[in-house]
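Asks: Input structure: upload02.cif, which contains mmCIF, C-alpha atoms.
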```
data_upload
#
loop_
_atom_site.label_atom_id
_atom_site.label_comp_id
_atom_site.auth_asym_id
_atom_site.auth_seq_id
_atom_site.Cartn_x
_atom_site.Cartn_y
_atom_site.Cartn_z
CA GLU Y 1 9.79 -30.44 -8.38
CA PRO Y 2 6.09 -30.42 -7.46
CA GLU Y 3 3.67 -29.61 -10.24
CA VAL Y 4 0.01 -29.06 -10.91
CA THR Y 5 -1.67 -31.97 -12.66
CA GLN Y 6 -4.92 -32.01 -14.63
CA THR Y 7 -7.17 -34.75 -15.90
CA PRO Y 8 -8.29 -35.61 -18.45
CA SER Y 9 -5.91 -34.17 -21.01
CA HIS Y 10 -8.67 -34.13 -23.60
CA GLN Y 11 -12.43 -34.31 -23.08
CA VAL Y 12 -14.96 -34.57 -25.87
CA THR Y 13 -18.61 -34.04 -25.01
CA GLN Y 14 -21.94 -33.34 -26.59
CA MET Y 15 -23.57 -29.96 -26.28
CA GLY Y 16 -25.78 -29.82 -23.21
CA GLN Y 17 -23.83 -32.43 -21.29
CA GLU Y 18 -22.16 -31.83 -17.95
CA VAL Y 19 -18.38 -32.05 -17.67
CA ILE Y 20 -16.06 -32.04 -14.70
CA LEU Y 21 -12.46 -31.03 -15.16
CA ARG Y 22 -10.10 -32.11 -12.43
CA CYS Y 23 -6.95 -30.59 -11.03
CA VAL Y 24 -4.53 -31.55 -8.30
CA PRO Y 25 -2.80 -28.37 -7.13
CA ILE Y 26 0.62 -28.29 -5.49
CA SER Y 27 0.13 -29.65 -2.00
CA ASN Y 28 0.99 -26.69 0.22
CA HIS Y 29 -0.60 -24.06 -1.98
CA LEU Y 30 -3.52 -22.04 -0.69
CA TYR Y 31 -4.92 -20.26 -3.74
CA PHE Y 32 -6.45 -21.97 -6.72
CA TYR Y 33 -7.50 -20.71 -10.11
CA TRP Y 34 -9.13 -21.71 -13.35
CA TYR Y 35 -8.30 -20.02 -16.65
CA ARG Y 36 -9.34 -20.87 -20.17
CA GLN Y 37 -7.91 -20.22 -23.61
CA ILE Y 38 -10.04 -20.45 -26.71
CA LEU Y 39 -7.95 -21.51 -29.70
CA GLY Y 40 -5.92 -18.59 -30.99
CA GLN Y 41 -7.05 -16.23 -28.26
CA LYS Y 42 -5.71 -14.90 -24.96
CA VAL Y 43 -5.62 -16.78 -21.70
CA GLU Y 44 -8.67 -15.62 -19.72
CA PHE Y 45 -9.25 -15.73 -15.98
CA LEU Y 46 -12.34 -17.60 -14.85
CA VAL Y 47 -12.28 -17.92 -11.08
CA SER Y 48 -10.10 -17.88 -8.01
CA PHE Y 49 -10.68 -19.92 -4.86
CA TYR Y 50 -9.34 -19.56 -1.35
CA ASN Y 51 -10.33 -20.95 2.02
CA ASN Y 52 -13.06 -23.06 0.44
CA GLU Y 53 -14.85 -20.25 -1.26
CA ILE Y 54 -14.73 -18.24 -4.45
CA SER Y 55 -12.61 -15.11 -4.08
CA GLU Y 56 -13.19 -13.61 -7.49
CA LYS Y 57 -14.89 -14.61 -10.71
CA SER Y 58 -15.01 -13.17 -14.18
CA GLU Y 59 -18.04 -12.43 -16.36
CA ILE Y 60 -17.41 -15.72 -18.14
CA PHE Y 61 -17.98 -17.67 -14.92
CA ASP Y 62 -21.77 -17.67 -14.99
CA ASP Y 63 -24.29 -19.98 -13.35
CA GLN Y 64 -23.28 -22.83 -15.63
CA PHE Y 65 -19.88 -23.00 -13.95
CA SER Y 66 -19.01 -24.15 -10.46
CA VAL Y 67 -15.84 -25.04 -8.59
CA GLU Y 68 -15.23 -27.32 -5.68
CA ARG Y 69 -12.42 -28.64 -3.56
CA PRO Y 70 -14.08 -31.87 -2.50
CA ASP Y 71 -11.35 -33.62 -0.55
CA GLY Y 72 -8.50 -31.28 0.29
CA SER Y 73 -6.39 -32.31 -2.68
CA ASN Y 74 -8.53 -32.09 -5.81
CA PHE Y 75 -9.92 -28.89 -7.29
CA THR Y 76 -12.66 -29.28 -9.87
CA LEU Y 77 -14.41 -27.14 -12.45
CA LYS Y 78 -17.89 -28.23 -13.45
CA ILE Y 79 -19.76 -26.99 -16.48
CA ARG Y 80 -23.40 -28.00 -16.09
CA SER Y 81 -24.67 -27.74 -19.64
CA THR Y 82 -21.89 -27.30 -22.14
CA LYS Y 83 -22.19 -25.02 -25.14
CA LEU Y 84 -20.20 -25.03 -28.36
CA GLU Y 85 -18.43 -21.87 -27.24
CA ASP Y 86 -17.10 -23.63 -24.15
CA SER Y 87 -14.63 -25.45 -26.38
CA ALA Y 88 -11.22 -24.33 -25.13
CA MET Y 89 -8.12 -25.28 -23.17
CA TYR Y 90 -8.81 -25.06 -19.46
CA PHE Y 91 -5.87 -24.42 -17.18
CA CYS Y 92 -5.78 -24.88 -13.45
CA ALA Y 93 -3.24 -22.94 -11.40
CA SER Y 94 -2.24 -22.78 -7.77
CA SER Y 95 -0.12 -20.39 -5.75
CA LEU Y 96 1.32 -19.92 -2.31
CA ALA Y 97 2.94 -16.53 -2.50
CA GLY Y 98 2.50 -14.55 -5.68
CA LYS Y 99 3.81 -16.99 -8.24
CA GLN Y 100 1.13 -19.03 -9.95
CA PHE Y 101 1.97 -22.49 -11.23
CA PHE Y 102 -0.12 -23.81 -14.07
CA GLY Y 103 -1.11 -27.31 -15.02
CA PRO Y 104 -0.79 -28.69 -18.54
CA GLY Y 105 -4.44 -28.04 -19.32
CA THR Y 106 -7.51 -29.97 -20.40
CA ARG Y 107 -8.64 -29.55 -23.97
CA LEU Y 108 -12.45 -29.49 -23.95
CA THR Y 109 -14.20 -30.10 -27.25
CA VAL Y 110 -17.97 -29.60 -27.35
CA LEU Y 111 -19.71 -31.11 -30.36
CA ASP M 112 -3.79 -3.65 -12.75
CA ALA M 113 -1.74 -1.46 -15.05
CA LYS M 114 -1.80 -2.12 -18.78
CA THR M 115 1.28 -3.42 -20.58
CA THR M 116 2.37 -3.02 -24.18
CA GLN M 117 4.57 -5.52 -25.98
CA PRO M 118 5.58 -5.78 -29.63
CA PRO M 119 3.80 -8.69 -31.31
CA SER M 120 6.88 -10.67 -32.26
CA MET M 121 10.62 -10.85 -32.46
CA ASP M 122 13.25 -13.38 -33.33
CA CYS M 123 16.81 -14.11 -32.36
CA ALA M 124 19.53 -16.55 -33.24
CA GLU M 125 20.13 -19.60 -31.11
CA GLY M 126 22.84 -18.98 -28.54
CA ARG M 127 22.39 -15.23 -28.59
CA ALA M 128 20.69 -13.13 -25.95
CA ALA M 129 17.01 -12.42 -26.43
CA ASN M 130 15.87 -9.05 -25.07
CA LEU M 131 12.11 -8.80 -24.77
CA PRO M 132 10.76 -5.30 -24.06
CA CYS M 133 7.62 -4.30 -22.19
CA ASN M 134 6.09 -0.89 -21.54
CA HIS M 135 4.00 -0.28 -18.44
CA SER M 136 3.90 3.49 -18.16
CA THR M 137 0.91 3.56 -15.79
CA ILE M 138 2.39 1.17 -13.25
CA SER M 139 1.64 2.01 -9.62
CA GLY M 140 4.10 1.96 -6.77
CA ASN M 141 2.77 -1.29 -5.33
CA GLU M 142 2.60 -3.18 -8.61
CA TYR M 143 5.08 -5.85 -9.59
CA VAL M 144 6.21 -6.83 -13.07
CA TYR M 145 5.76 -10.53 -13.80
CA TRP M 146 6.87 -12.51 -16.82
CA TYR M 147 5.31 -15.77 -17.91
CA ARG M 148 5.69 -17.75 -21.09
CA GLN M 149 3.55 -20.25 -22.95
CA ILE M 150 5.10 -22.87 -25.19
CA HIS M 151 2.65 -24.11 -27.85
CA SER M 152 -0.61 -24.76 -26.00
CA GLN M 153 0.98 -25.75 -22.72
CA GLY M 154 0.11 -24.05 -19.45
CA PRO M 155 1.78 -20.70 -18.85
CA GLN M 156 5.09 -20.97 -17.03
CA TYR M 157 6.36 -18.48 -14.47
CA ILE M 158 9.72 -16.96 -15.39
CA ILE M 159 10.58 -14.09 -13.08
CA HIS M 160 9.15 -11.05 -11.33
CA GLY M 161 10.36 -7.84 -9.74
CA LEU M 162 9.31 -4.58 -8.15
CA LYS M 163 12.06 -2.08 -8.90
CA ASN M 164 15.41 -3.81 -8.58
CA ASN M 165 16.86 -5.92 -11.34
CA GLU M 166 16.33 -9.61 -10.78
CA THR M 167 18.08 -12.73 -12.03
CA ASN M 168 17.29 -16.40 -11.70
CA GLU M 169 18.25 -19.58 -13.49
CA MET M 170 15.94 -18.81 -16.40
CA ALA M 171 16.32 -15.12 -17.10
CA SER M 172 17.14 -11.60 -15.97
CA LEU M 173 14.65 -8.80 -15.50
CA ILE M 174 15.79 -5.23 -15.97
CA ILE M 175 13.36 -2.55 -14.75
CA THR M 176 14.03 1.09 -15.61
CA GLU M 177 14.50 3.53 -12.79
CA ASP M 178 11.13 5.18 -13.44
CA ARG M 179 9.57 1.68 -13.64
CA LYS M 180 7.71 2.56 -16.81
CA SER M 181 9.34 -0.20 -18.82
CA SER M 182 11.25 -3.43 -18.38
CA THR M 183 13.23 -5.93 -20.39
CA LEU M 184 13.31 -9.69 -19.99
CA ILE M 185 16.67 -11.11 -20.99
CA LEU M 186 17.22 -14.74 -21.95
CA PRO M 187 21.01 -14.80 -21.96
CA HIS M 188 21.56 -17.74 -24.33
CA ALA M 189 18.37 -18.48 -26.22
CA THR M 190 17.73 -22.04 -27.37
CA LEU M 191 15.15 -23.46 -29.75
CA ARG M 192 13.13 -24.56 -26.72
CA ASP M 193 12.71 -20.90 -25.74
CA THR M 194 10.44 -20.34 -28.74
CA ALA M 195 7.19 -19.30 -27.05
CA VAL M 196 4.76 -16.48 -26.33
CA TYR M 197 6.10 -14.30 -23.52
CA TYR M 198 3.70 -12.32 -21.37
CA CYS M 199 4.57 -9.24 -19.36
CA ILE M 200 1.98 -8.78 -16.62
CA VAL M 201 1.72 -6.05 -14.03
CA ARG M 202 -0.16 -6.83 -10.85
CA VAL M 203 -0.32 -5.88 -7.22
CA ALA M 204 1.02 -8.11 -4.49
CA ASP M 205 3.96 -10.37 -4.25
CA THR M 206 2.54 -11.99 -1.18
CA GLY M 207 0.00 -14.71 -0.63
CA ALA M 208 -2.66 -12.23 -1.61
CA ASN M 209 -5.09 -13.67 -4.05
CA SER M 210 -4.64 -11.95 -7.39
CA LYS M 211 -5.61 -13.09 -10.84
CA LEU M 212 -3.29 -12.79 -13.80
CA THR M 213 -4.53 -10.73 -16.73
CA PHE M 214 -2.89 -11.97 -19.90
CA GLY M 215 -2.47 -9.83 -22.99
CA LYS M 216 -1.42 -11.06 -26.39
CA GLY M 217 2.23 -11.25 -25.36
CA ILE M 218 5.23 -11.28 -27.64
CA THR M 219 6.00 -14.29 -29.79
CA LEU M 220 9.69 -15.09 -29.64
CA SER M 221 11.04 -17.25 -32.42
CA VAL M 222 14.53 -18.63 -31.91
CA ARG M 223 16.15 -19.56 -35.20
CA PRO M 224 18.92 -22.15 -35.59
#
```
Would you write the structure of this file as structure tokens?

Replies:
Amino acid sequence: EPEVTQTPSHQVTQMGQEVILRCVPISNHLYFYWYRQILGQKVEFLVSFYNNEISEKSEIFDDQFSVERPDGSNFTLKIRSTKLEDSAMYFCASSLAGKQFFGPGTRLTVL
Amino acid sequence: DAKTTQPPSMDCAEGRAANLPCNHSTISGNEYVYWYRQIHSQGPQYIIHGLKNNETNEMASLIITEDRKSSTLILPHATLRDTAVYYCIVRVADTGANSKLTFGKGITLSVRP
């Protein structure tokens, strides 16, 4: 069964550094999402992406965040200058018709 | 999207049915009820969804009351691997329409041996 994959599984970075989290959505899906989950808290929506542009973004998704689908298969989340509070699990999801399928997540640790 | 209310936790014995309730009294006519679960810190996993009719798939059954103000997710024969946080989410659209998922705290199901 096709699945969403994410790399790396764990990323450790220094505060102020740029990170890129990568996702490979399910191949025929059209809608792509990023969510995050701070340890012990709820899963929070960050951004949705369709037809090569952002469809919706949350308050969390400020100017430090960007998304891109560079080559038709990968979907990336970039954080330009990481902060301590960006430490979280980041989940990518994709959907074709209503049901969203999530990847295993990338644990981002900002020191 | 309409708000949902779930108890914080419940448990059940392995092999027995687990009935997970959800209240969504402000649900609109075009909103669907979705259930997802999250095992440990893994990515949320889709379970089932419905509009007004009861639904069943290989994972679970979804029972929606006639007035659609509440629903119950049924895991017919719970196993230890079903221990997870279960989220009831109400949202518009069952189509390709782009719609975020708004997660609450969910209900933590603990399956005991």

Asks: So that I can see what lies close to region 10-27 of chain Y, please list as a ChimeraX atom specification the residues with an atom at most 8 Å from it, counting all atoms listed in the file and leaving out residues fewer than 5 positions away in the same chain.

Replies: /Y:2-5,32,73-84,92-95,103,106-111

Asks: With all atoms listed in the file as the basis for distance, which of M:Ile138, M:Leu212, M:Ile150, M:Leu162 is at the shortest distance from chain Y?

Replies: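 Nearest to chain Y: M:Leu212.
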
Asks: Counting all atoms listed in the file, which residues of chain M come no farther than 12 Å from chain Y, as a ChimeraX atom specification?

Replies: /M:142-161,196-198,200-218

Asks: Rounded to one decimal place, report the CA of Ser120 (chain M)-CA of Pro224 (chain M) distance in Å.

Replies: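 CA of Ser120 (chain M) sits 17.0 Å away from CA of Pro224 (chain M).
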
Asks: Output the residue selection produced by the PyMOL selection byres ((chain M and resi 125) around 6) on the file above, formatted as a list in words.

Replies: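 Expected selection for the PyMOL selection byres ((chain M and resi 125) around 6) here is Ala124, Gly126, Arg127, Ala189, Thr190, Val222, Arg223 and Pro224 of chain M.
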
Asks: I'd like to see the residues matched by the PyMOL selection byres ((chain M and resi 164-171) around 7) on this file, and ideally I'd get them as an MDAnalysis selection string.

Replies: chainID M and resid 158 161:163 172:175 184:187

Asks: Counting all atoms listed in the file, select every polymer residue within 6 Å of (4.5, -5.0, -25.8) as defined in the file's coordinates, and provide the selection as a VMD selection string.

Replies: chain M and resid 116 to 118 133

Asks: Around all the atoms of region 113-125 of chain M listed in the file, with 6 Å of room on each side, what axis-aligned box do you get, giving centre and edge lengths in Å to one decimal, as JSON?

Replies:
```
{"center_x": 9.2, "center_y": -10.5, "center_z": -24.2, "size_x": 33.9, "size_y": 30.1, "size_z": 30.3}
```

Asks: Would you mind reading off the distance between CA of Asp86 (chain Y) and CA of Asp63 (chain Y), one decimal, in Å?

Replies: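 These atoms are spaced 13.5 Å apart.
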
Asks: What does the distance between CA of His188 (chain M) and CA of Ala129 (chain M) come to in Å, to one decimal place?

Replies: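 CA of Ala129 (chain M) lies 7.3 Å from CA of His188 (chain M).
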
Asks: Counting only C-alpha atoms, which of M:Cys123, M:Ser139, M:Asn130, M:Ser221 gets nearest to Arg179 (chain M)?

Replies: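 Of M:Cys123, M:Ser139, M:Asn130, M:Ser221, the one nearest Arg179 (chain M), counting only C-alpha atoms, is M:Ser139.
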
Asks: Where atoms are absent from region 159-176 of chain M, fill them in so it carries N, CA, C and O atoms, then output it as a PDB file, in the frame of the given file.

Replies:
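Resulting contents of out30.pdb:
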```
ATOM      1  N   ILE M 159       9.891 -14.981 -14.009  1.00  0.00           N
ATOM      2  CA  ILE M 159      10.580 -14.090 -13.080  1.00  0.00           C
ATOM      3  C   ILE M 159       9.643 -12.938 -12.731  1.00  0.00           C
ATOM      4  O   ILE M 159       8.672 -12.687 -13.456  1.00  0.00           O
ATOM      5  N   HIS M 160       9.894 -12.254 -11.632  1.00  0.00           N
ATOM      6  CA  HIS M 160       9.150 -11.050 -11.330  1.00  0.00           C
ATOM      7  C   HIS M 160      10.019 -10.101 -10.529  1.00  0.00           C
ATOM      8  O   HIS M 160      11.036 -10.516  -9.936  1.00  0.00           O
ATOM      9  N   GLY M 161       9.610  -8.824 -10.499  1.00  0.00           N
ATOM     10  CA  GLY M 161      10.360  -7.840  -9.740  1.00  0.00           C
ATOM     11  C   GLY M 161       9.520  -6.616  -9.458  1.00  0.00           C
ATOM     12  O   GLY M 161       8.504  -6.381 -10.098  1.00  0.00           O
ATOM     13  N   LEU M 162       9.995  -5.820  -8.513  1.00  0.00           N
ATOM     14  CA  LEU M 162       9.310  -4.580  -8.150  1.00  0.00           C
ATOM     15  C   LEU M 162      10.047  -3.369  -8.719  1.00  0.00           C
ATOM     16  O   LEU M 162       9.472  -2.591  -9.479  1.00  0.00           O
ATOM     17  N   LYS M 163      11.287  -3.203  -8.343  1.00  0.00           N
ATOM     18  CA  LYS M 163      12.060  -2.080  -8.900  1.00  0.00           C
ATOM     19  C   LYS M 163      13.529  -2.427  -9.107  1.00  0.00           C
ATOM     20  O   LYS M 163      14.174  -1.823  -9.944  1.00  0.00           O
ATOM     21  N   ASN M 164      14.027  -3.402  -8.381  1.00  0.00           N
ATOM     22  CA  ASN M 164      15.410  -3.810  -8.580  1.00  0.00           C
ATOM     23  C   ASN M 164      15.507  -4.833  -9.700  1.00  0.00           C
ATOM     24  O   ASN M 164      14.564  -5.555  -9.970  1.00  0.00           O
ATOM     25  N   ASN M 165      16.641  -4.891 -10.342  1.00  0.00           N
ATOM     26  CA  ASN M 165      16.860  -5.920 -11.340  1.00  0.00           C
ATOM     27  C   ASN M 165      16.900  -7.276 -10.653  1.00  0.00           C
ATOM     28  O   ASN M 165      17.368  -7.398  -9.522  1.00  0.00           O
ATOM     29  N   GLU M 166      16.396  -8.282 -11.336  1.00  0.00           N
ATOM     30  CA  GLU M 166      16.330  -9.610 -10.780  1.00  0.00           C
ATOM     31  C   GLU M 166      16.942 -10.610 -11.756  1.00  0.00           C
ATOM     32  O   GLU M 166      16.857 -10.423 -12.968  1.00  0.00           O
ATOM     33  N   THR M 167      17.516 -11.663 -11.200  1.00  0.00           N
ATOM     34  CA  THR M 167      18.080 -12.730 -12.030  1.00  0.00           C
ATOM     35  C   THR M 167      17.772 -14.065 -11.373  1.00  0.00           C
ATOM     36  O   THR M 167      17.867 -14.193 -10.153  1.00  0.00           O
ATOM     37  N   ASN M 168      17.399 -15.032 -12.192  1.00  0.00           N
ATOM     38  CA  ASN M 168      17.290 -16.400 -11.700  1.00  0.00           C
ATOM     39  C   ASN M 168      17.871 -17.324 -12.760  1.00  0.00           C
ATOM     40  O   ASN M 168      18.513 -16.870 -13.720  1.00  0.00           O
ATOM     41  N   GLU M 169      17.625 -18.610 -12.591  1.00  0.00           N
ATOM     42  CA  GLU M 169      18.250 -19.580 -13.490  1.00  0.00           C
ATOM     43  C   GLU M 169      17.689 -19.503 -14.908  1.00  0.00           C
ATOM     44  O   GLU M 169      18.291 -20.030 -15.839  1.00  0.00           O
ATOM     45  N   MET M 170      16.556 -18.871 -15.075  1.00  0.00           N
ATOM     46  CA  MET M 170      15.940 -18.810 -16.400  1.00  0.00           C
ATOM     47  C   MET M 170      16.257 -17.516 -17.131  1.00  0.00           C
ATOM     48  O   MET M 170      16.443 -17.528 -18.357  1.00  0.00           O
ATOM     49  N   ALA M 171      16.274 -16.394 -16.409  1.00  0.00           N
ATOM     50  CA  ALA M 171      16.320 -15.120 -17.100  1.00  0.00           C
ATOM     51  C   ALA M 171      16.741 -14.000 -16.146  1.00  0.00           C
ATOM     52  O   ALA M 171      16.880 -14.206 -14.941  1.00  0.00           O
ATOM     53  N   SER M 172      16.916 -12.826 -16.740  1.00  0.00           N
ATOM     54  CA  SER M 172      17.140 -11.600 -15.970  1.00  0.00           C
ATOM     55  C   SER M 172      16.044 -10.619 -16.306  1.00  0.00           C
ATOM     56  O   SER M 172      15.535 -10.600 -17.444  1.00  0.00           O
ATOM     57  N   LEU M 173      15.677  -9.831 -15.323  1.00  0.00           N
ATOM     58  CA  LEU M 173      14.650  -8.800 -15.500  1.00  0.00           C
ATOM     59  C   LEU M 173      15.286  -7.458 -15.167  1.00  0.00           C
ATOM     60  O   LEU M 173      15.781  -7.272 -14.045  1.00  0.00           O
ATOM     61  N   ILE M 174      15.247  -6.571 -16.148  1.00  0.00           N
ATOM     62  CA  ILE M 174      15.790  -5.230 -15.970  1.00  0.00           C
ATOM     63  C   ILE M 174      14.610  -4.258 -15.964  1.00  0.00           C
ATOM     64  O   ILE M 174      13.848  -4.199 -16.946  1.00  0.00           O
ATOM     65  N   ILE M 175      14.450  -3.530 -14.875  1.00  0.00           N
ATOM     66  CA  ILE M 175      13.360  -2.550 -14.750  1.00  0.00           C
ATOM     67  C   ILE M 175      13.992  -1.166 -14.732  1.00  0.00           C
ATOM     68  O   ILE M 175      14.932  -0.911 -13.973  1.00  0.00           O
ATOM     69  N   THR M 176      13.478  -0.265 -15.565  1.00  0.00           N
ATOM     70  CA  THR M 176      14.030   1.090 -15.610  1.00  0.00           C
ATOM     71  C   THR M 176      13.781   1.800 -14.287  1.00  0.00           C
ATOM     72  O   THR M 176      12.879   1.443 -13.523  1.00  0.00           O
TER      73      THR M 176
END
```
